[in-house]
Amino acid sequence: MKKILTSLALASVLSTAAFAGANTQTGCGLGTLVIKDPDSALLYALQATTNGTSGNQTFGITSGTLNCQETKFVKNEKAINFVNANLDALSNEAALGEGEYLDTLAELLNVEDSNKFKADLRANYLAIYNSSSVVGAEVLDRASTL
Amino acid sequence: MKKIILFLCLCIFAKADFYDYSKLSISENEFKELLKISQDKKLYKNQIWANLLHFSNAKSEIINDGFFYSKERNLKSEFEASLYNFFIKKDIFKGQKEELNQKDSALIFTNDNDNLHFRCKFPKRSDFIIKALDIKPKEELECSDLNNFIDYINPKSISIVFPAAYLNSPASMFGHTFLLVNTNYNSRLLSFAINWAADADEKTENMLAFSFKGLFGGYVGKYSLKPYYDMLKTYKDSENRDLYEYDLDFSAEESKDLLKHLWEIKDSEAEYLFLNKNCSYNILWLLENTRPNINLRDKFFLTVAPSNTIQKINEAKLIKTYHYRASKLNTILNQAKDLNFADIKDAKSISKGTIEPKNHSYKTLALANNLSQYYTSKGKLSIDEYKDISHKISSELSLAKEEKLREIPKKTSIILANYPAKIGVFYNKNYLLNFRPAMHDIFESDVGFTKGSGISFFDTWLEYDKKIKLKNIDFINLTSLSDFNYINHSLSYMLKIAYENNFNASLYTGFSKINEYFLASLLVGASYDKRFNINLKSIMQFSLNASKISFIYDKKFIKNKEDKISLKIYQQLIKNTALSLEYQKILKSSEEFKIGFSYYF
């Protein structure tokens, strides 16, 4: 019995909540964050690895931010996927005028002078991110016409 | 004997009949000749072939049907069947299609026509056959799915990523690893992550069942591929784990080879076991199949600890350099170092929407933006609140006078950490032998570990006093001391389940303050050791590089005379070796002085 109890305790310490619910917010605007379910806070304390994958999907290049609104000017699928998935980080860095996400966007858009691009994004932040419900396609179209 | 021979003959006949040679692009005789050459050369015994089929202990670890062409699934039968399928005419697959569920994929595979041919599905196995028999296929194939896949990713190099333990979860020290396929872009964010994970539905499965199956079997794992930026949202931003990216010494051609093997096993399943058939173990298969003769998988003892796989990969001289990527929480703590207390307080209030961002400095608003994301990922702000607050902050931030943000210092590589298994010899008037399969405790060197976090399994002490006897065994010892500060309010805790003369267990919780050199912790707890007790524990620790002095005071409220004080001095000699000195006194009772040498492997 002791053995069983010990293994059960060990088991729960090790990998209970190995797969506890993390909730990925998908969408095309701000707020695409991964949020932990507050109910399982205690279980998270013991969490081992987030190792769960979901069900029936066959192998592919998976991303939670496909099927968003289409861009008008930019026809660059990788840039569109990147902006939709990272609108929060891009908004933050655009306001700062620096950062890895902006550098990446500059590279995806083949921008020649990335320092100018970053400064322009910052100077035009209020126009590009004109509301908190802005979506990736709008941001990308506006950024590309700077 | 005759019977056996007859039986064997029948088998061979039965097998020969199994092949329909009219489907081949070569004649029956040509095929049989190639088969004979391959059997004479015993090509199926080649290690490369065994690795391609994920053979370990004379059996493939892969369990699903689609991976095999022969019924017997042994190396020899698979080679024969592969050779047969290698030469099958492509017309056989014309107009055929197998449906896939790929609604969330950025790249859609048609999975039809010659994509269903052996050579398109198993490009590395095909390469092996071509090279080993020095032959050329008779027909050209398009393999559009495979080629689109490789073109889309456009691999240039490979890295392996280790997400460090996250706060308050020593169990996560055991960790995780995944691969990055770096592309032609300079930005690391545009790399793709190859992850191997248990296939389990987190929403429906019971927690205890999870644990049990994870440890003792019941899940299968498989590979997946997604943009690195998506992985970062989980590991860096939500779980607040630092990431170490180790660049591997693989050429662009080898990186392409790695993707080709991934293609072969993309929909394959293998048994998942937390301790040794885990994410990191299965990542090793990909590396071994990219560069034969590196034999990484056989270098482990009992467990395959993810951090230890990085160390073994380093020993195989595959690591060129590393990049450190700080977690969201560490980024926040680093940014806050540039601000005074009033600014930090304002940043907190702004991040929660209780004061307006107007008239605050660039650095304060930068911190507020990160905090607001941090609180949202912890569920303390709703998404709608976050969107509104964050947009307001950024709007003000874009108008504030620009300042230079503090750079985050690079953390020590986990390669420099001691290995997880330990064996030690100690002397306390008697000789003692200590053995621990994994992994780390807080009184050992912190180099490469998260300070204040420890987890050990089956820490066992044997004593020799005329005869060998078991002194004690700690089944599990879990410690999570986390710095209590203005942002992180997590409690520290310790848990131990052990056997020493009898079964005992204890659980503590409390507060800690930790910096680079100093650790102080005050904990209260309950224990059971024949009887129930209420305890107080305080720990003070000073450390410099790989040297440590720790004082521990344990007070028992119900049975006073068992109060205990301990002093532990730890000095690492060279990597993986250490000297320890321990003094322990149970007040008004016994005392023990112990000295010893430990070796980590």
# chains A, B, ... in the order shown; residues from 1 in each chain; ligands from 1

$ interface_residues --of "chain B" --to "chain A" --cutoff "6 Å" --atoms "only C-alpha atoms" --output "ChimeraX atom specification"
/B:101-102,104-106,168-169,171-172,187,197-202,207,211-212,225-226,234,238,266-267,377-379,383,387-388,391,394,397-398

$ residues_around --residues "stretch 503-514 of chain B" --least-positions-apart "5" --cutoff "10 Å" --atoms "only C-alpha atoms" --output "JSON, numbers by chain"
{"A": [2, 6], "B": [451, 452, 472, 473, 474, 475, 476, 477, 478, 479, 480, 481, 482, 483, 484, 485, 489, 490, 491, 492, 493, 494, 495, 496, 497, 498, 519, 520, 521, 522, 523, 524, 525, 526, 527, 528, 529, 530, 531, 532, 533, 534, 535, 536, 537, 538, 539, 540, 541]}

$ residues_around --residues "stretch 421-438 of chain B" --least-positions-apart "2" --cutoff "7 Å" --atoms "only C-alpha atoms" --output "list in words"
Tyr419, His440, Ser456, Phe457, Phe458, Asp459, Thr460, Trp461, Leu462, Glu463, Tyr464, Asp465, Glu592, Phe593, Lys594, Ile595, Gly596, Phe597, Ser598, Tyr599, Tyr600 and Phe601 of chain B

$ residues_around --residues "stretch 58-74 of chain B" --least-positions-apart "2" --cutoff "10 Å" --atoms "only C-alpha atoms" --output "ChimeraX atom specification"
/B:44,50-56,76-85,118,121-122,220-222,264-271,277

$ residues_around --residues "B:Ile586" --least-positions-apart "3" --cutoff "8 Å" --atoms "only C-alpha atoms" --output "ChimeraX atom specification"
/B:561-565,589-591

$ atom_distance --atom1 "atom CA of B:Asp441" --atom2 "atom CA of B:Asn418"
11.3 Å

$ atom_distance --atom1 "atom CA of B:Ile88" --atom2 "atom CA of B:His117"
7.8 Å

$ residues_around --residues "B:Asp446" --least-positions-apart "5" --cutoff "8 Å" --atoms "only C-alpha atoms" --output "list in words"
Ala417, Lys451, Asn545 and Ala546 of chain B

$ residues_around --residues "B:Lys363" --least-positions-apart "6" --cutoff "8 Å" --atoms "only C-alpha atoms" --output "count of residues only"
5

$ closest_residue --among "B:Leu75, B:Ile153, B:Asn276, B:Ser25" --to "B:Leu215" --atoms "only C-alpha atoms"
B:Asn276

$ closest_residue --among "B:Asn295, B:Asn369, B:Ser550, B:Gln311" --to "B:Leu416" --atoms "only C-alpha atoms"
B:Gln311
